[in-house]
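Enquirer: Input target_36.cif, format and content: mmCIF, C-alpha atoms.
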data_protein
#
loop_
_atom_site.label_atom_id
_atom_site.label_comp_id
_atom_site.auth_asym_id
_atom_site.auth_seq_id
_atom_site.Cartn_x
_atom_site.Cartn_y
_atom_site.Cartn_z
CA MET O 1420 88.44 145.40 69.17
CA ILE O 1421 90.18 145.54 72.54
CA SER O 1422 88.96 142.03 73.33
CA SER O 1423 90.27 140.79 69.98
CA LEU O 1424 93.68 142.38 70.57
CA ARG O 1425 93.84 140.89 74.05
CA LYS O 1426 93.07 137.41 72.72
CA ALA O 1427 95.66 137.81 69.95
CA PHE O 1428 98.26 138.92 72.49
CA LEU O 1429 97.53 135.97 74.77
CA SER O 1430 97.70 133.57 71.82
CA GLY O 1431 101.08 134.95 70.83
CA LEU O 1432 102.25 134.74 74.43
CA VAL O 1433 101.23 131.07 74.62
CA LEU O 1434 103.13 130.34 71.40
CA LEU O 1435 106.28 132.10 72.58
CA ALA O 1436 106.20 130.82 76.19
CA PRO O 1437 107.87 127.40 75.52
CA LEU O 1438 110.61 129.05 73.44
CA GLY O 1439 111.15 131.79 76.00
CA ILE O 1440 111.31 129.39 78.93
CA THR O 1441 113.71 127.11 77.05
CA PHE O 1442 115.99 130.06 76.25
CA PHE O 1443 115.83 131.24 79.87
CA VAL O 1444 116.81 127.81 81.22
CA PHE O 1445 119.74 127.37 78.83
CA ASN O 1446 120.89 130.94 79.43
CA TRP O 1447 120.75 130.36 83.20
CA LEU O 1448 122.76 127.13 82.86
CA VAL O 1449 125.41 128.79 80.71
CA ILE O 1450 125.78 131.68 83.14
CA ARG O 1451 125.87 129.47 86.23
CA ILE O 1452 128.12 126.70 84.88
CA GLY O 1453 130.29 128.62 82.44
CA GLY O 1454 130.53 131.70 84.63
CA SER O 1455 131.66 129.61 87.60
CA PHE O 1456 134.39 127.62 85.83
CA LYS O 1457 135.54 129.75 82.89
CA ASN O 1458 138.59 131.13 84.74
CA GLN O 1459 139.77 127.62 85.60
CA LEU O 1460 138.94 125.95 82.29
CA LEU O 1461 139.94 128.75 79.93
CA PHE O 1462 143.40 129.25 81.38
CA PHE O 1463 144.82 129.22 77.86
CA VAL O 1464 142.86 132.37 76.89
CA PRO O 1465 144.63 135.69 77.58
CA ASP O 1466 143.21 137.61 80.55
CA GLU O 1467 142.52 140.70 78.47
CA LEU O 1468 140.17 138.68 76.23
CA ILE O 1469 138.43 137.04 79.19
CA ALA O 1470 137.84 140.47 80.72
CA LYS O 1471 136.02 141.85 77.65
CA GLU O 1472 132.32 142.21 78.48
CA ASN O 1473 131.15 141.75 74.89
CA LEU O 1474 132.78 138.29 74.83
CA GLU O 1475 131.53 137.17 78.25
CA MET O 1476 128.69 135.03 76.87
CA VAL O 1477 131.08 133.40 74.38
CA TRP O 1478 133.48 132.35 77.14
CA ASN O 1479 130.61 131.18 79.35
CA ALA O 1480 129.23 129.03 76.53
CA LEU O 1481 132.69 127.61 75.76
CA ALA O 1482 133.30 126.78 79.42
CA THR O 1483 129.89 125.12 79.64
CA ILE O 1484 130.69 122.94 76.60
CA ILE O 1485 134.00 121.93 78.19
CA VAL O 1486 132.21 120.98 81.43
CA LEU O 1487 129.73 118.83 79.49
CA LEU O 1488 132.58 117.15 77.59
CA LEU O 1489 134.43 116.43 80.85
CA ILE O 1490 131.29 114.88 82.35
CA THR O 1491 130.89 112.73 79.24
CA LEU O 1492 134.55 111.68 79.46
CA LEU O 1493 134.07 110.80 83.11
CA GLY O 1494 131.13 108.60 82.12
CA TYR O 1495 133.27 106.74 79.59
CA LEU O 1496 136.12 106.28 82.06
CA SER O 1497 133.74 104.88 84.66
CA ARG O 1498 133.32 101.80 82.45
CA TYR O 1499 136.93 100.72 82.90
CA VAL O 1500 138.36 98.75 85.83
CA ILE O 1501 141.04 101.26 86.85
CA ALA O 1502 138.57 104.16 86.88
CA LYS O 1503 136.04 102.12 88.84
CA TYR O 1504 138.76 101.30 91.39
CA LEU O 1505 139.66 104.99 91.79
CA PHE O 1506 135.98 105.94 92.10
CA SER O 1507 135.47 103.28 94.77
CA ILE O 1508 138.41 104.69 96.77
CA GLY O 1509 136.95 108.19 96.58
CA GLU O 1510 133.56 106.84 97.59
CA ARG O 1511 135.00 105.11 100.66
CA ILE O 1512 136.72 108.33 101.70
CA LEU O 1513 133.47 110.30 101.41
CA LYS O 1514 131.57 107.68 103.40
CA ASN O 1515 134.01 108.10 106.28
CA VAL O 1516 133.56 111.88 106.53
CA PRO O 1517 130.90 112.84 109.11
CA ILE O 1518 127.83 114.71 107.80
CA VAL O 1519 129.19 114.47 104.25
CA ASN O 1520 128.63 110.71 104.25
CA THR O 1521 124.94 111.15 105.09
CA VAL O 1522 124.35 113.61 102.26
CA TYR O 1523 126.44 111.60 99.78
CA THR O 1524 124.78 108.29 100.60
CA SER O 1525 121.27 109.74 100.33
CA VAL O 1526 121.96 111.47 97.01
CA LYS O 1527 123.67 108.38 95.61
CA GLN O 1528 120.71 106.18 96.49
CA ILE O 1529 118.33 108.56 94.72
CA VAL O 1530 120.57 108.79 91.64
CA ASP O 1531 121.06 105.01 91.49
CA THR O 1532 117.33 104.47 91.79
CA PHE O 1533 116.49 106.74 88.87
CA SER O 1534 119.57 105.86 86.80
CA SER O 1535 118.88 104.96 83.17
CA ASP O 1536 121.25 102.00 83.51
CA LYS O 1537 118.76 100.30 85.81
CA ARG O 1538 115.26 99.12 85.09
CA ALA O 1539 112.50 101.68 85.01
CA VAL O 1540 111.31 102.60 88.49
CA PHE O 1541 107.79 103.32 87.29
CA GLU O 1542 106.38 100.38 85.35
CA LYS O 1543 102.92 101.58 84.33
CA VAL O 1544 100.39 104.31 84.98
CA ALA O 1545 97.44 103.39 87.14
CA MET O 1546 94.28 104.96 88.51
CA VAL O 1547 93.38 104.27 92.12
CA GLN O 1548 90.81 105.49 94.61
CA PHE O 1549 92.84 107.78 96.86
CA PRO O 1550 92.72 109.24 99.48
CA ARG O 1551 89.19 107.86 99.94
CA PRO O 1552 86.71 105.71 98.01
CA GLY O 1553 85.08 107.64 95.19
CA CYS O 1554 88.06 109.99 94.82
CA TYR O 1555 90.45 109.01 92.02
CA ALA O 1556 94.16 109.73 91.64
CA ILE O 1557 96.85 108.95 89.10
CA GLY O 1558 99.76 106.83 90.29
CA PHE O 1559 102.67 104.76 89.04
CA LEU O 1560 103.20 101.05 89.60
CA THR O 1561 106.55 100.28 91.23
CA GLY O 1562 106.11 96.53 91.64
CA ASP O 1563 104.47 93.92 93.82
CA THR O 1564 104.53 94.31 97.58
CA LYS O 1565 107.21 92.08 99.11
CA GLY O 1566 108.94 91.29 102.38
CA GLU O 1567 107.40 91.81 105.80
CA ILE O 1568 104.47 93.84 104.49
CA LYS O 1569 103.43 91.07 102.11
CA GLY O 1570 103.70 88.51 104.89
CA ARG O 1571 101.60 90.51 107.32
CA LEU O 1572 98.91 91.34 104.76
CA ASN O 1573 98.75 87.69 103.71
CA LYS O 1574 97.46 88.64 100.24
CA LYS O 1575 98.81 89.99 96.98
CA THR O 1576 99.06 93.76 96.85
CA ILE O 1577 100.66 96.20 94.43
CA ASN O 1578 102.88 99.17 95.29
CA VAL O 1579 101.56 102.38 93.75
CA PHE O 1580 103.33 105.72 94.06
CA VAL O 1581 100.81 108.58 94.01
CA PRO O 1582 102.74 111.82 93.33
CA THR O 1583 101.65 115.32 94.28
CA THR O 1584 100.79 118.06 91.77
CA PRO O 1585 102.62 119.94 90.33
CA ASN O 1586 105.73 118.62 92.11
CA PRO O 1587 105.92 114.85 91.41
CA THR O 1588 109.05 114.33 93.51
CA SER O 1589 106.90 114.00 96.63
CA GLY O 1590 103.87 111.83 97.12
CA PHE O 1591 102.44 108.78 98.85
CA LEU O 1592 103.23 105.08 98.67
CA VAL O 1593 100.01 103.07 98.81
CA MET O 1594 99.71 99.28 98.74
CA LEU O 1595 96.47 98.14 97.18
CA PRO O 1596 94.89 94.83 96.18
CA GLU O 1597 95.30 94.06 92.51
CA GLU O 1598 91.58 94.42 91.84
CA ASP O 1599 91.64 98.01 93.19
CA VAL O 1600 94.29 99.14 90.70
CA GLN O 1601 93.13 100.10 87.21
CA ILE O 1602 95.98 100.07 84.67
CA LEU O 1603 95.85 102.89 82.10
CA ASP O 1604 96.99 102.87 78.48
CA MET O 1605 99.02 106.08 78.70
CA SER O 1606 102.79 105.93 78.98
CA VAL O 1607 104.72 106.90 82.10
CA GLY O 1608 105.88 110.09 80.37
CA GLU O 1609 102.31 111.05 79.47
CA GLY O 1610 101.16 110.33 83.01
CA MET O 1611 103.92 112.54 84.39
CA LYS O 1612 102.89 115.40 82.07
CA LEU O 1613 99.30 115.01 83.24
CA ILE O 1614 100.34 115.30 86.88
CA ILE O 1615 102.80 118.18 86.45
CA SER O 1616 100.26 120.19 84.46
CA GLY O 1617 97.57 119.63 87.08
CA GLY O 1618 95.38 117.84 84.54
CA ALA O 1619 95.70 120.53 81.86
CA VAL O 1620 97.80 118.37 79.49
CA VAL O 1621 95.70 115.28 78.77
CA PRO O 1622 97.20 112.60 76.49
CA GLU O 1623 95.13 111.44 73.56
CA TRP O 1624 93.33 108.13 74.01
CA PRO O 1625 92.25 106.38 70.77
CA ALA O 1626 89.56 104.45 72.62
CA SER O 1627 87.84 107.73 73.59
CA ALA O 1628 86.87 108.35 69.96
CA GLN O 1629 85.25 104.91 69.83
CA LEU O 1630 83.29 105.65 73.01
CA VAL O 1631 82.04 108.94 71.56
CA GLU O 1632 80.92 107.20 68.37
CA ALA O 1633 79.14 104.51 70.40
CA ASP O 1634 77.34 107.11 72.51
CA SER O 1635 76.22 109.09 69.44
CA ALA O 1636 74.95 105.90 67.82
#
Using the file provided, produce a representation of the structure as structure tokens.

Expert:
Amino acid sequence: MISSLRKAFLSGLVLLAPLGITFFVFNWLVIRIGGSFKNQLLFFVPDELIAKENLEMVWNALATIIVLLLITLLGYLSRYVIAKYLFSIGERILKNVPIVNTVYTSVKQIVDTFSSDKRAVFEKVAMVQFPRPGCYAIGFLTGDTKGEIKGRLNKKTINVFVPTTPNPTSGFLVMLPEEDVQILDMSVGEGMKLIISGGAVVPEWPASAQLVEADSA
């Protein structure tokens, strides 16, 4: 009976975990964003109402919505010539400030690289033998090797980014011959879930059912 109750509890915990984590993340964002800017953005609300503890979450949520709307408005304005000119002036000023220019330039390069307005950084999911033959790892194709590296290798190679688990923001860039890279059918999103979960979340593969049927036959 105790074992059955424990299993039931764990099953319920697994079902509630995604909902609980989602609520925690949104609650944290509302508190951090809304709580930080509500006094500046909600200047039109009387101070006695802002100070009421039972309305704190309401004001935080309202301030967060205003911040999101302002970011969206900024995105629309960035499409126009005048706004682009003003942004370029601000960018030049930041690039001339010591220390700040290093941080700003690095962050901007990362954001531009992964921006949705540009082509996808990761083209396909691949399986390669890494870090040694006989040991397989999941990676993402980022294009053909070019420039000096291509000239020195004197053969066609493919750039593959092999991320670490469970943090895919770090990893290794390996350049492999085309015949050593096995392209997979899964999407980039499915491959990322596989890596972040440490192999626990495996995407369905229709061909696997056919292989099972062939083996049973």

Enquirer: Run the PyMOL selection byres ((chain O and resi 1457) around 10) on the file and write out the hits as a list in words.

Expert: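 In the shown coordinates, the PyMOL selection byres ((chain O and resi 1457) around 10) covers Ile1450, Ile1452, Gly1453, Gly1454, Ser1455, Phe1456, Asn1458, Gln1459, Leu1460, Leu1461, Phe1462, Val1464, Ile1469, Glu1475, Trp1478, Asn1479, Ala1480, Leu1481, Ala1482, Thr1483, Ile1485 and Val1486 of chain O.
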
Enquirer: Applying the PyMOL selection byres ((chain O and resi 1610) around 9) to the file I just gave you, which residues come out? Please list them as a list in words.

Expert: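 With the PyMOL selection byres ((chain O and resi 1610) around 9) on this model, the match is Val1544, Ala1545, Ile1557, Gly1558, Phe1559, Met1605, Ser1606, Val1607, Gly1608, Glu1609, Met1611, Lys1612, Leu1613, Ile1614, Ile1615, Val1621 and Pro1622 of chain O.
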
Enquirer: The PyMOL selection byres ((chain O and resi 1584) around 9) - which residues does that actually catch in the file I just gave you? List them as a ChimeraX atom specification.

Expert: /O:1582-1583,1585-1587,1589-1590,1614-1617

Enquirer: CA of Val1477 in chain O and CA of Leu1492 in chain O, how far apart in Å?

Expert: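 Going from CA of Leu1492 in chain O over to CA of Val1477 in chain O covers 22.6 Å.
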
Enquirer: May I ask which of the residues O:Leu1429, O:Ile1421, O:Ile1508, O:Pro1596 is the closest one to Lys1569 in chain O, counting all atoms listed in the file?

Expert: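 Of all the options, O:Pro1596 lies closest to Lys1569 in chain O.
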
Enquirer: In terms of the shortest atom-to-atom distance over only C-alpha atoms, which of O:Lys1543, O:Tyr1495, O:Val1522, O:Gly1618 is closest to Ala1556 in chain O?

Expert: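 Looking only at the distances to Ala1556 in chain O, the closest residue turns out to be O:Gly1618.
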
Enquirer: From the options O:Val1526, O:Leu1438, O:Ile1568, O:Met1594, which residue's atoms come nearest to Gln1548 in chain O, counting all atoms listed in the file?

Expert: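 Once distances to Gln1548 in chain O are computed over all atoms listed in the file, the minimum belongs to O:Met1594.
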
Enquirer: Choose the residue, out of O:Phe1541, O:Phe1549, O:Phe1443, O:Tyr1523, that has the smallest atom-to-atom separation from Phe1591 in chain O; count all atoms listed in the file.

Expert: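 Checking each candidate against Phe1591 in chain O, we get O:Phe1549 as the closest.
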
Enquirer: Separation of CA of Ile1602 in chain O and CA of Gly1566 in chain O, in Å?

Expert: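 Spanning CA of Ile1602 in chain O to CA of Gly1566 in chain O is a straight-line distance of 23.6 Å.
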
Enquirer: What is the distance between CA of Arg1551 in chain O and CA of Asp1599 in chain O, in Å to one decimal?

Expert: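 Going from CA of Arg1551 in chain O over to CA of Asp1599 in chain O covers 12.2 Å.
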
Enquirer: O:Ile1512, O:Leu1468, O:Leu1424, O:Leu1595: which is nearest Asp1563 in chain O, counting only C-alpha atoms?

Expert: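 Answer, going by the shortest atom-to-atom distance: O:Leu1595.
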